[in-house]
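Q: Here it is, the structure, as structure tokens.
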Number of protein chains: 2
Amino acid sequence: GNLTKITDFARKAREGGAAMAIFPEMAICGYPPKDLLLKDSFVKANLAALDQLAREQLELALLVGCVDVNPGKGRPLFNACAYIAEGQIKAKQYKTLLPNYDVFDEDRYFEPASETANCLVQGHSFGLSICEDIWNSGQGEISERYREDPVTHLAKAKPSAIINISASPFTIGKGKLREELLHYHASRHGVPIIFVNQVGGNDELIFDGRSFVVDAKGKVRARAKSFAEDLLFIELNNESKEVAGNLADPLEQPVAETYAALVLGTRDYLNKCAFKKAVIGLSGGIDSAVTCAIACEAMGSENVIGIAMPSPYSSTGSIEDARALAKNLGVQFEIISIEPAMQAFHSMLSGQFKGLKEDVTEENLQARLRGNIMMSLSNKFNYLVLTTGNKSELAVGYCTLYGDMCGGLAVISDVPKMVIYDLAAFINNKAGTKLIPQAIIDKAPSAELRPNQTDQDTLPPYPVLDAIINAYVEQRLKPDEIVKLGFDLKVVREVIDRVDRNEYKRKQAAPGLKVTSRAFGVGWRMPIAQGFRENLDNEKTAQSKVLC
Amino acid sequence: GNLTKITDFARKAREGGAAMAIFPEMAICGYPPKDLLLKDSFVKANLAALDQLAREQLELALLVGCVDVNPGKGRPLFNACAYIAEGQIKAKQYKTLLPNYDVFDEDRYFEPASETANCLVQGHSFGLSICEDIWNSGQGEISERYREDPVTHLAKAKPSAIINISASPFTIGKGKLREELLHYHASRHGVPIIFVNQVGGNDELIFDGRSFVVDAKGKVRARAKSFAEDLLFIELNNESKEVAGNLADPLEQPVAETYAALVLGTRDYLNKCAFKKAVIGLSGGIDSAVTCAIACEAMGSENVIGIAMPSPYSSTGSIEDARALAKNLGVQFEIISIEPAMQAFHSMLSGQFKGLKEDVTEENLQARLRGNIMMSLSNKFNYLVLTTGNKSELAVGYCTLYGDMCGGLAVISDVPKMVIYDLAAFINNKAGTKLIPQAIIDKAPSAELRPNQTDQDTLPPYPVLDAIINAYVEQRLKPDEIVKLGFDLKVVREVIDRVDRNEYKRKQAAPGLKVTSRAFGVGWRMPIAQGFRENLDNEKTAQSKVLC
């Protein structure tokens with residue numbers, strides 16, 4: 001599939017007069033292939049596709065990302081940029097800096113480059129690099145990991161330009177960060193840099209495209225589309241080092257890029273898993289409303305089904321708000337009451353629960369009965385269930401395992417609650433109408449699992465909660481440092497304890513689209529059975545609550 | 001907690017006349033600490049505990065595993081063996097070979113050693129190494145990863161012995177493999193080797209202890225307990241290189257060690273997560289019977305609750321078998337019929353499902369209603385739910401997400417079905433009585449989700465299924481290679497396709513105790529949204545079913 005895409009784009013590039021077409025990191029096999037790389041047949045299929053591409057005789061030079069093997073031995077593997085010209089694979093440049101932090105596991109599969117390959121097109125030489133190779137800017141957390149800076153090494157050969165093929169995942173603000181980074185390298189070395197990024201969603205990761213080119217002064221001279229495939233033509237003057245091309249909208253407003261990322265991530269996950277339709281539980285709250293709007297943009301509203309599942313604790317307003325939302329978005333809407341099942345379980349468990357008060361058990365059960373309905377619809381009609389929990393809830397475990405956590409993809413599980421409000425406003429603003437009814441935006445958040453419940457019965461106000469979670473999870477600050485930001489000691493303690501002790505729920509969560517610098521998921525690897533507690537200054541020394 | 005244990009054992013060692021006490025890899029902080037290592041406070045607490053240990057003035061030399069930091073900079077970290085004598089930390093030897101495959105992620109956290117530290121006790125020098133450092137034997141998959149062999153390097157200095165502190169996880173047959181490995185190194189270099197291993201369960205991993213010592217000819221001269229903490233005294237003659245000590249039972253029968261491992265893993269997971277009681281759904285089948293017997297051994301039968309949850313499709317035999325099992329094991333037993341909930345859902349979904357035939361939807365729903373009951377009991381009484389699915393089922397997705405997959409720990413999810421039968425026989429044999437009723441062992445496996453259903457309606461016979469799964473998952477053979485082992489091409493194709501397409505279920509599975517060389521779980525990292533298919537010789541070239 002990728003080979004066909006690459007061939008088609010290369011032909012269009014040739015028709016447009018290009019001397020060379022550049023494709024992203026691992027364009028042949030997709031990124032990240034993870035343990036598929038341990039299958040020799042996968043690596044071979046990737047090399048066969050590369051050979052096929054060379055044999056296509058496309059009459060222009062190609063740079064394309066692929067996996068390469070150690071000749072003869074098979075292993076180790078290399079993350080490679082293949083240079084194809086005149087129907088032959090002329091050279092391969094391997095990746096020098098292998099990221100092995102957060103969501104990245106490249107040391108698990110690859111060896112770093114030990115040599116520099118040459119790429120000569122129409123008499124001009126180009127320095128080749130792959131993704132992480134440009135991220136050592138001499139400052140910041142990433143730079144600390146590496147002793148080398150491949151860009152400085154490549155610049156010494158005075159190339160016409162340095163090319164970087166990437167599979168650089170989206171996080172909020174990453175587009176701007178990349179442009180600043182390449183400004184630094186280009187202006188420092190006086191060399192244009194061409195950045196070519198993957199686009200599309202792969203499980204939790206969303207690749208935002210936004211390929212761009214900076215001139216020898218580091219100024220952005222050409223920019224491809226955000227969150228969509230694109231063919232960007234650029235002209236490079238080897239004498240003046242000037243670069244000419246089109247500048248697409250950089251799409252750098254955080255809420256706009258977050259929305260676009262979630263739409264792309266949702267669409268690609270469903271398509272790649274061969275689902276045509278998605279089903280969403282509509283509670284009348286803002287989380288399911290925003291998830292539903294994203295799903296409609298991703299799949300078309302005719303492919304989204306909204307289900308309201310009221311209990312006796314649901315307010316009439318909630319059902320009406322859900323109905324109004326579904327109508328505004330144009331999605332099929334149905335109401336299935338969970339009351340008969342609640343009654344059935346009440347009688348089934350009456351022996352065991354005799355004389356005991358209702359507690360969180362009965363609340364969780366309601367969420368699980370709703371999960372049962374969603375999964376039944378999924379099984380019967382082949383819908384993918386989209387979960388609607390946000391990052392704030394997932395962080396503190398304000399969600400029910402096997403209940404509202406049921407589903408194939410967690411669309412907004414890396415989006416803090418306050419950003420959900422921003423997304424709702426963005427969605428309505430973009431539509432020019434209140435797609436998401438104002439009542440949904442205005443009401444106090446509630447799980448409606450007992451009478452008159454609101455989230456703030458048990459959680460700090462969301463602006464406070466989100467700020468503490470951001471400090472603890474994304475910025476990795478210590479409890480003391482968070483208190484010093486101005487938060488109440490007791491609240492900080494409570495939030496952190498909740499984050500720590502809900503690891504077991506997150507372990508069984510659906511894959512969630514990553515949009516922040518640190519998401520729960522593949523890049524967050526905490527043990528479950530452990531008792532380490534980061535203590536505050538005025539508490540006694542940190543110690544484990546378990547014995548070994 | 002670990003510091004107290006280390007101090008207590010060191011005192012006992014001193015009282016027993018030891019000149020040195022050796023503790024395993026990362027004994028101070030536990031292994032694997034995973035992303036706790038990204039918290040500076042965790043690393044600091046570990047160093048504070050090490051300092052405290054040195055200050056204890058225990059009057060013998062100590063070797064103890066810990067995490068060390070790059071002085072001044074803080075990062076990178078090192079996986080270290082600290083040498084403590086005379087109240088001081090005299091030296092630290094860092095780990096040279098950092099495993100970064102299967103369940104290991106050490107490149108994520110650590111830098112390798114660049115120097116060799118010295119350990120001199122009573123005038124005798126010891127070469128120090130950590131876990132993976134001994135695994136380069138010049139052959140086999142692990143050796144291929146590394147260019148260095150730290151043992152050869154250490155042997156050149158002619159030490160009195162080489163010491164290896166380890167956190168080497170259990171897999172079936174690993175004990176024997178380690179003794180063979182150290183026989184190779186010791187006899188090759190003519191040096192005794194002391195292997196000191198962690199014991200206990202940490203999430204999915206079970207550390208089996210079984211520390212042992214080989215003499216300069218590679219013969220095992222002393223061996224500590226399996227799957228239990230132990231203090232093993234050895235005497236080393238520096239002139240003759242002879243070693244004296246006690247030889248505990250190596251416990252190398254696969255079924256015996258698997259049983260012991262699962263008991264330890266279950267006990268430690270419950271204890272470390274602060275659960276006192278476990279609840280298990282008893283179907284009358286062999287999987288739940290074996291799980292229940294393991295839980296009783298781990299926690300005491302007074303802390304295990306068995307629940308039968310019959311539907312109209314359950315045979316009377318199943319309930320009676322479950323009751324008999326519970327009686328034999330001495331566990332509390334209750335029966336909760338799911339029929340009222342089945343009827344409630346039937347009516348709740350009657351509008352949506354009108355005119356449609358019953359299918360897997362209704363089967364899954366039964367499993368999910370049982371899951372709801374288990375989780376309700378868990379919530380109300382603070383029981384940990386133990387799931388009872390085996391590896392054969394999990395491999396091919398013969399299990400219900402949010403149904404029988406509900407639970408905090410999957411006790412037997414890395415145990416193939418045929419080994420479950422071995423475990424049942426072992427349990428009965430060990431007890432000297434039919435703890436697990438013969439009827440449970442003899443009956444044809446069935447999920448009992450529709451009338452007269454058996455597993456073999458939709459799965460190949462278990463001996464065939466297990467062999468194909470073993471070949472594909474553990475041995476990583478290609479489909480063609482598996483067919484060549486003598487299996488039917490169509491069956492191989494079907495099993496492999498089922499393994500591949502059930503990644504999404506395993507993504508949300510409970511942590512499962514690892515006992516084979518390759519378990520689904522933290523060491524199995526497959527993308528979900530992908531369509532790569534390893535084709536057989538007579539099929540067309542491997543290709544993706546998805547587009548990019």
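Letters A, B, ... mark the chains of the structure tokens in the order given; residue numbers begin at 1 per chain; ligand numbers begin at 1, in order shown.
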Report as a ChimeraX atom specification all protein, DNA and RNA residues lying within 7 Å of Val331 of chain B, evaluated on only C-alpha atoms, omitting residues in the same chain fewer than 5 positions from it.
A: /B:301-302,304-306,326
Q: Would you mind exporting the chosen residues as a PDB file, in the first residue's frame, restricted to C-alpha atoms?
A:
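out-v2.pdb written:
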```pdb
ATOM      1  CA  SER B 301      -7.886 -20.902  51.269  1.00  0.00           C
ATOM      2  CA  GLU B 302      -9.610 -18.743  53.891  1.00  0.00           C
ATOM      3  CA  VAL B 304     -10.094 -17.085  48.471  1.00  0.00           C
ATOM      4  CA  ILE B 305     -13.724 -16.797  47.399  1.00  0.00           C
ATOM      5  CA  GLY B 306     -15.127 -18.884  44.552  1.00  0.00           C
ATOM      6  CA  ALA B 326     -14.468 -25.309  46.420  1.00  0.00           C
TER       7      ALA B 326
END
```
Q: Determine which residues of chain B sit within 7 Å of chain A, taking into account only C-alpha atoms, and present them as a PyMOL selection string.
A: chain B and resi 1-2+30+33-36+41+45+100-101+107-108+202-203+269+272-273+336-337+340-341+344-345+348+361+365+368+372+376+379-380+402+508-510+525-530+534+542+544+546-548
Q: Considering only C-alpha atoms, can you say which of A:Phe227, A:Phe23, A:Tyr94, A:Tyr146 comes closest to Gly175 of chain A?
A: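 Under the stated criterion, the closest residue is A:Phe227.
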Q: Figure out the distance between atom CA of Met374 of chain B and atom CA of Leu459 of chain A, please, to one decimal in Å.
A: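 That distance, rounded to one decimal, is 27.0 Å.
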Q: Hey, what's within 7 Å of segment 165-174 of chain A if we count only C-alpha atoms and toss same-chain stuff fewer than 3 positions away? As a list of chain:residue names, please?
A: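 My reading of the contact set: A:Phe23, A:Pro24, A:Glu25, A:Tyr31, A:Ser129, A:Ile130, A:Cys131, A:Leu177, A:Arg178, A:Phe195, A:Val196, A:Asn197, A:Gln198, A:Leu205, A:Ile206, A:Phe207, A:Asp208, A:Glu252, A:Pro254, A:Thr258, A:Val515, A:Thr516, A:Ser517.
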Q: Work out how far apart atom CA of Asn238 of chain A and atom CA of Trp135 of chain A are and give it in Å to one decimal.
A: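 Atom-to-atom, atom CA of Asn238 of chain A to atom CA of Trp135 of chain A, that is 25.2 Å.
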Q: Which residues in segment 12-155 of chain B does DSSP call strand (DSSP E)? List them as a ChimeraX atom specification.
A: /B:20-22,61-70,74-85,88-94,119-121,124-130
Q: With a distance cut-off of 12 Å and only C-alpha atoms, select the neighbouring residues of Ala13 of chain B, excluding the residue or stretch itself and same-chain residues fewer than 4 positions from it, and output the selection as a PDB file with all heavy atoms, in the first residue's frame.
A:
```
ATOM      1  N   ILE B   6      17.693  -6.150  54.042  1.00  0.00           N
ATOM      2  CA  ILE B   6      19.123  -6.309  53.750  1.00  0.00           C
ATOM      3  C   ILE B   6      19.927  -6.266  55.049  1.00  0.00           C
ATOM      4  O   ILE B   6      20.826  -7.086  55.287  1.00  0.00           O
ATOM      5  CB  ILE B   6      19.589  -5.210  52.767  1.00  0.00           C
ATOM      6  CG1 ILE B   6      18.935  -5.425  51.394  1.00  0.00           C
ATOM      7  CG2 ILE B   6      21.117  -5.181  52.643  1.00  0.00           C
ATOM      8  CD1 ILE B   6      19.063  -4.248  50.444  1.00  0.00           C
ATOM      9  N   THR B   7      19.590  -5.304  55.899  1.00  0.00           N
ATOM     10  CA  THR B   7      20.298  -5.153  57.162  1.00  0.00           C
ATOM     11  C   THR B   7      20.145  -6.412  58.026  1.00  0.00           C
ATOM     12  O   THR B   7      21.128  -6.921  58.586  1.00  0.00           O
ATOM     13  CB  THR B   7      19.771  -3.916  57.913  1.00  0.00           C
ATOM     14  OG1 THR B   7      19.761  -2.811  57.020  1.00  0.00           O
ATOM     15  CG2 THR B   7      20.642  -3.580  59.106  1.00  0.00           C
ATOM     16  N   ASP B   8      18.916  -6.910  58.093  1.00  0.00           N
ATOM     17  CA  ASP B   8      18.663  -8.114  58.900  1.00  0.00           C
ATOM     18  C   ASP B   8      19.450  -9.318  58.381  1.00  0.00           C
ATOM     19  O   ASP B   8      20.069 -10.058  59.164  1.00  0.00           O
ATOM     20  CB  ASP B   8      17.163  -8.453  58.908  1.00  0.00           C
ATOM     21  CG  ASP B   8      16.361  -7.433  59.715  1.00  0.00           C
ATOM     22  OD1 ASP B   8      16.991  -6.613  60.414  1.00  0.00           O
ATOM     23  OD2 ASP B   8      15.120  -7.461  59.633  1.00  0.00           O
ATOM     24  N   PHE B   9      19.433  -9.511  57.078  1.00  0.00           N
ATOM     25  CA  PHE B   9      20.160 -10.649  56.505  1.00  0.00           C
ATOM     26  C   PHE B   9      21.671 -10.484  56.684  1.00  0.00           C
ATOM     27  O   PHE B   9      22.384 -11.452  56.939  1.00  0.00           O
ATOM     28  CB  PHE B   9      19.821 -10.825  55.016  1.00  0.00           C
ATOM     29  CG  PHE B   9      18.607 -11.680  54.781  1.00  0.00           C
ATOM     30  CD1 PHE B   9      17.431 -11.135  54.304  1.00  0.00           C
ATOM     31  CD2 PHE B   9      18.653 -13.048  55.035  1.00  0.00           C
ATOM     32  CE1 PHE B   9      16.303 -11.923  54.085  1.00  0.00           C
ATOM     33  CE2 PHE B   9      17.539 -13.850  54.822  1.00  0.00           C
ATOM     34  CZ  PHE B   9      16.358 -13.287  54.350  1.00  0.00           C
ATOM     35  N   GLY B  17      29.328 -15.910  60.637  1.00  0.00           N
ATOM     36  CA  GLY B  17      30.762 -15.922  60.379  1.00  0.00           C
ATOM     37  C   GLY B  17      31.175 -15.453  59.003  1.00  0.00           C
ATOM     38  O   GLY B  17      32.343 -15.586  58.610  1.00  0.00           O
ATOM     39  N   ALA B  18      30.260 -14.891  58.252  1.00  0.00           N
ATOM     40  CA  ALA B  18      30.602 -14.472  56.891  1.00  0.00           C
ATOM     41  C   ALA B  18      31.477 -13.220  56.886  1.00  0.00           C
ATOM     42  O   ALA B  18      31.332 -12.337  57.740  1.00  0.00           O
ATOM     43  CB  ALA B  18      29.328 -14.216  56.094  1.00  0.00           C
ATOM     44  N   ALA B  19      32.414 -13.170  55.928  1.00  0.00           N
ATOM     45  CA  ALA B  19      33.245 -11.986  55.730  1.00  0.00           C
ATOM     46  C   ALA B  19      32.570 -11.009  54.773  1.00  0.00           C
ATOM     47  O   ALA B  19      32.873  -9.829  54.755  1.00  0.00           O
ATOM     48  CB  ALA B  19      34.608 -12.392  55.173  1.00  0.00           C
ATOM     49  N   MET B  20      31.670 -11.557  53.981  1.00  0.00           N
ATOM     50  CA  MET B  20      30.979 -10.705  53.001  1.00  0.00           C
ATOM     51  C   MET B  20      29.575 -11.245  52.781  1.00  0.00           C
ATOM     52  O   MET B  20      29.362 -12.456  52.750  1.00  0.00           O
ATOM     53  CB  MET B  20      31.743 -10.677  51.680  1.00  0.00           C
ATOM     54  CG  MET B  20      31.011  -9.955  50.557  1.00  0.00           C
ATOM     55  SD  MET B  20      32.075  -9.344  49.226  1.00  0.00           S
ATOM     56  CE  MET B  20      32.628 -10.865  48.495  1.00  0.00           C
ATOM     57  N   ALA B  21      28.620 -10.342  52.611  1.00  0.00           N
ATOM     58  CA  ALA B  21      27.248 -10.725  52.243  1.00  0.00           C
ATOM     59  C   ALA B  21      26.916 -10.083  50.911  1.00  0.00           C
ATOM     60  O   ALA B  21      27.229  -8.910  50.694  1.00  0.00           O
ATOM     61  CB  ALA B  21      26.255 -10.279  53.311  1.00  0.00           C
ATOM     62  N   ILE B  22      26.302 -10.860  50.044  1.00  0.00           N
ATOM     63  CA  ILE B  22      26.018 -10.391  48.682  1.00  0.00           C
ATOM     64  C   ILE B  22      24.515 -10.363  48.450  1.00  0.00           C
ATOM     65  O   ILE B  22      23.824 -11.358  48.689  1.00  0.00           O
ATOM     66  CB  ILE B  22      26.680 -11.318  47.639  1.00  0.00           C
ATOM     67  CG1 ILE B  22      28.150 -11.552  47.991  1.00  0.00           C
ATOM     68  CG2 ILE B  22      26.533 -10.733  46.238  1.00  0.00           C
ATOM     69  CD1 ILE B  22      28.809 -12.633  47.136  1.00  0.00           C
ATOM     70  N   PHE B  23      24.017  -9.240  47.975  1.00  0.00           N
ATOM     71  CA  PHE B  23      22.581  -9.062  47.703  1.00  0.00           C
ATOM     72  C   PHE B  23      22.377  -8.816  46.205  1.00  0.00           C
ATOM     73  O   PHE B  23      23.279  -8.370  45.519  1.00  0.00           O
ATOM     74  CB  PHE B  23      22.033  -7.901  48.543  1.00  0.00           C
ATOM     75  CG  PHE B  23      22.143  -8.171  50.022  1.00  0.00           C
ATOM     76  CD1 PHE B  23      23.280  -7.794  50.730  1.00  0.00           C
ATOM     77  CD2 PHE B  23      21.138  -8.843  50.686  1.00  0.00           C
ATOM     78  CE1 PHE B  23      23.400  -8.072  52.085  1.00  0.00           C
ATOM     79  CE2 PHE B  23      21.243  -9.122  52.044  1.00  0.00           C
ATOM     80  CZ  PHE B  23      22.382  -8.745  52.744  1.00  0.00           C
ATOM     81  N   LEU B  58      28.097  -2.830  59.859  1.00  0.00           N
ATOM     82  CA  LEU B  58      27.699  -4.231  60.050  1.00  0.00           C
ATOM     83  C   LEU B  58      28.880  -5.181  60.235  1.00  0.00           C
ATOM     84  O   LEU B  58      28.711  -6.378  60.424  1.00  0.00           O
ATOM     85  CB  LEU B  58      26.808  -4.669  58.886  1.00  0.00           C
ATOM     86  CG  LEU B  58      25.457  -3.930  58.848  1.00  0.00           C
ATOM     87  CD1 LEU B  58      24.789  -4.079  57.497  1.00  0.00           C
ATOM     88  CD2 LEU B  58      24.544  -4.407  59.954  1.00  0.00           C
ATOM     89  N   GLU B  59      30.089  -4.671  60.123  1.00  0.00           N
ATOM     90  CA  GLU B  59      31.298  -5.462  60.396  1.00  0.00           C
ATOM     91  C   GLU B  59      31.482  -6.642  59.446  1.00  0.00           C
ATOM     92  O   GLU B  59      32.030  -7.685  59.819  1.00  0.00           O
ATOM     93  CB  GLU B  59      31.313  -5.943  61.853  1.00  0.00           C
ATOM     94  CG  GLU B  59      31.391  -4.770  62.806  1.00  0.00           C
ATOM     95  CD  GLU B  59      31.292  -5.197  64.266  1.00  0.00           C
ATOM     96  OE1 GLU B  59      30.994  -6.381  64.524  1.00  0.00           O
ATOM     97  OE2 GLU B  59      31.536  -4.353  65.128  1.00  0.00           O
ATOM     98  N   LEU B  60      30.975  -6.479  58.249  1.00  0.00           N
ATOM     99  CA  LEU B  60      31.352  -7.390  57.158  1.00  0.00           C
ATOM    100  C   LEU B  60      31.227  -6.601  55.854  1.00  0.00           C
ATOM    101  O   LEU B  60      30.593  -5.536  55.823  1.00  0.00           O
ATOM    102  CB  LEU B  60      30.501  -8.659  57.144  1.00  0.00           C
ATOM    103  CG  LEU B  60      29.119  -8.648  56.516  1.00  0.00           C
ATOM    104  CD1 LEU B  60      28.567 -10.074  56.468  1.00  0.00           C
ATOM    105  CD2 LEU B  60      28.161  -7.741  57.237  1.00  0.00           C
ATOM    106  N   ALA B  61      31.882  -7.120  54.842  1.00  0.00           N
ATOM    107  CA  ALA B  61      31.780  -6.460  53.541  1.00  0.00           C
ATOM    108  C   ALA B  61      30.409  -6.753  52.947  1.00  0.00           C
ATOM    109  O   ALA B  61      29.819  -7.804  53.201  1.00  0.00           O
ATOM    110  CB  ALA B  61      32.877  -6.961  52.607  1.00  0.00           C
ATOM    111  N   LEU B  62      29.896  -5.807  52.152  1.00  0.00           N
ATOM    112  CA  LEU B  62      28.598  -5.991  51.517  1.00  0.00           C
ATOM    113  C   LEU B  62      28.697  -5.678  50.036  1.00  0.00           C
ATOM    114  O   LEU B  62      29.379  -4.728  49.633  1.00  0.00           O
ATOM    115  CB  LEU B  62      27.566  -5.030  52.123  1.00  0.00           C
ATOM    116  CG  LEU B  62      27.248  -5.135  53.609  1.00  0.00           C
ATOM    117  CD1 LEU B  62      26.336  -3.971  54.017  1.00  0.00           C
ATOM    118  CD2 LEU B  62      26.583  -6.463  53.907  1.00  0.00           C
ATOM    119  N   ASP B 230      16.419 -16.703  51.021  1.00  0.00           N
ATOM    120  CA  ASP B 230      17.320 -17.671  51.640  1.00  0.00           C
ATOM    121  C   ASP B 230      18.641 -16.976  51.972  1.00  0.00           C
ATOM    122  O   ASP B 230      18.997 -15.961  51.363  1.00  0.00           O
ATOM    123  CB  ASP B 230      17.569 -18.836  50.661  1.00  0.00           C
ATOM    124  CG  ASP B 230      18.105 -20.083  51.372  1.00  0.00           C
ATOM    125  OD1 ASP B 230      18.196 -20.082  52.615  1.00  0.00           O
ATOM    126  OD2 ASP B 230      18.425 -21.058  50.671  1.00  0.00           O
ATOM    127  N   LEU B 231      19.325 -17.538  52.971  1.00  0.00           N
ATOM    128  CA  LEU B 231      20.666 -17.064  53.296  1.00  0.00           C
ATOM    129  C   LEU B 231      21.584 -18.268  53.115  1.00  0.00           C
ATOM    130  O   LEU B 231      21.476 -19.257  53.838  1.00  0.00           O
ATOM    131  CB  LEU B 231      20.696 -16.557  54.746  1.00  0.00           C
ATOM    132  CG  LEU B 231      22.029 -16.032  55.266  1.00  0.00           C
ATOM    133  CD1 LEU B 231      22.478 -14.778  54.509  1.00  0.00           C
ATOM    134  CD2 LEU B 231      21.932 -15.714  56.763  1.00  0.00           C
ATOM    135  N   LEU B 232      22.427 -18.209  52.126  1.00  0.00           N
ATOM    136  CA  LEU B 232      23.271 -19.346  51.768  1.00  0.00           C
ATOM    137  C   LEU B 232      24.726 -19.024  52.132  1.00  0.00           C
ATOM    138  O   LEU B 232      25.283 -18.040  51.643  1.00  0.00           O
ATOM    139  CB  LEU B 232      23.157 -19.609  50.259  1.00  0.00           C
ATOM    140  CG  LEU B 232      24.038 -20.701  49.657  1.00  0.00           C
ATOM    141  CD1 LEU B 232      23.603 -22.088  50.139  1.00  0.00           C
ATOM    142  CD2 LEU B 232      24.005 -20.640  48.127  1.00  0.00           C
ATOM    143  N   PHE B 233      25.280 -19.827  53.031  1.00  0.00           N
ATOM    144  CA  PHE B 233      26.691 -19.627  53.396  1.00  0.00           C
ATOM    145  C   PHE B 233      27.588 -20.441  52.462  1.00  0.00           C
ATOM    146  O   PHE B 233      27.295 -21.619  52.206  1.00  0.00           O
ATOM    147  CB  PHE B 233      26.935 -20.074  54.838  1.00  0.00           C
ATOM    148  CG  PHE B 233      26.384 -19.112  55.854  1.00  0.00           C
ATOM    149  CD1 PHE B 233      25.079 -19.235  56.325  1.00  0.00           C
ATOM    150  CD2 PHE B 233      27.175 -18.068  56.339  1.00  0.00           C
ATOM    151  CE1 PHE B 233      24.572 -18.343  57.253  1.00  0.00           C
ATOM    152  CE2 PHE B 233      26.666 -17.179  57.278  1.00  0.00           C
ATOM    153  CZ  PHE B 233      25.365 -17.310  57.738  1.00  0.00           C
ATOM    154  N   ILE B 234      28.632 -19.835  51.975  1.00  0.00           N
ATOM    155  CA  ILE B 234      29.612 -20.614  51.205  1.00  0.00           C
ATOM    156  C   ILE B 234      31.022 -20.281  51.690  1.00  0.00           C
ATOM    157  O   ILE B 234      31.273 -19.206  52.251  1.00  0.00           O
ATOM    158  CB  ILE B 234      29.533 -20.330  49.695  1.00  0.00           C
ATOM    159  CG1 ILE B 234      29.824 -18.840  49.421  1.00  0.00           C
ATOM    160  CG2 ILE B 234      28.203 -20.758  49.108  1.00  0.00           C
ATOM    161  CD1 ILE B 234      30.349 -18.602  48.048  1.00  0.00           C
TER     162      ILE B 234
END
```
Q: Do a neighbour search on Arg223 of chain A at 7 Å with only C-alpha atoms, toss out local chain neighbours closer than 4 positions, and write the hits as a PyMOL selection string.
A: chain A and resi 210-213+246-248
Q: Kindly give the distance, in Å, that separates atom CA of Cys119 of chain B and atom CA of Glu180 of chain B, rounded to a single decimal.
A: 25.9 Å
Q: Got a sec: who's within 12 Å of His183 of chain B, counting only C-alpha atoms, leaving out chain neighbours fewer than 6 positions off, as a list in words?
A: Ile134, Ser137, Lys176, Leu177, His189, Gly190, Val191, Pro192, Ile193, Ile194, Phe195, Phe212, Val213, Val214, Asp215, Ala216, Lys217, Gly218, Lys219, Val220 and Arg221 of chain B
Q: Taking the chain letters and numbering used in this document, name the residues of segment 383-517 of chain B that DSSP puts in helix (DSSP H, G or I), as a PyMOL selection string.
A: chain B and resi 391-396+417-431+438-442+455-457+462-474+479-484+489-501+503-507
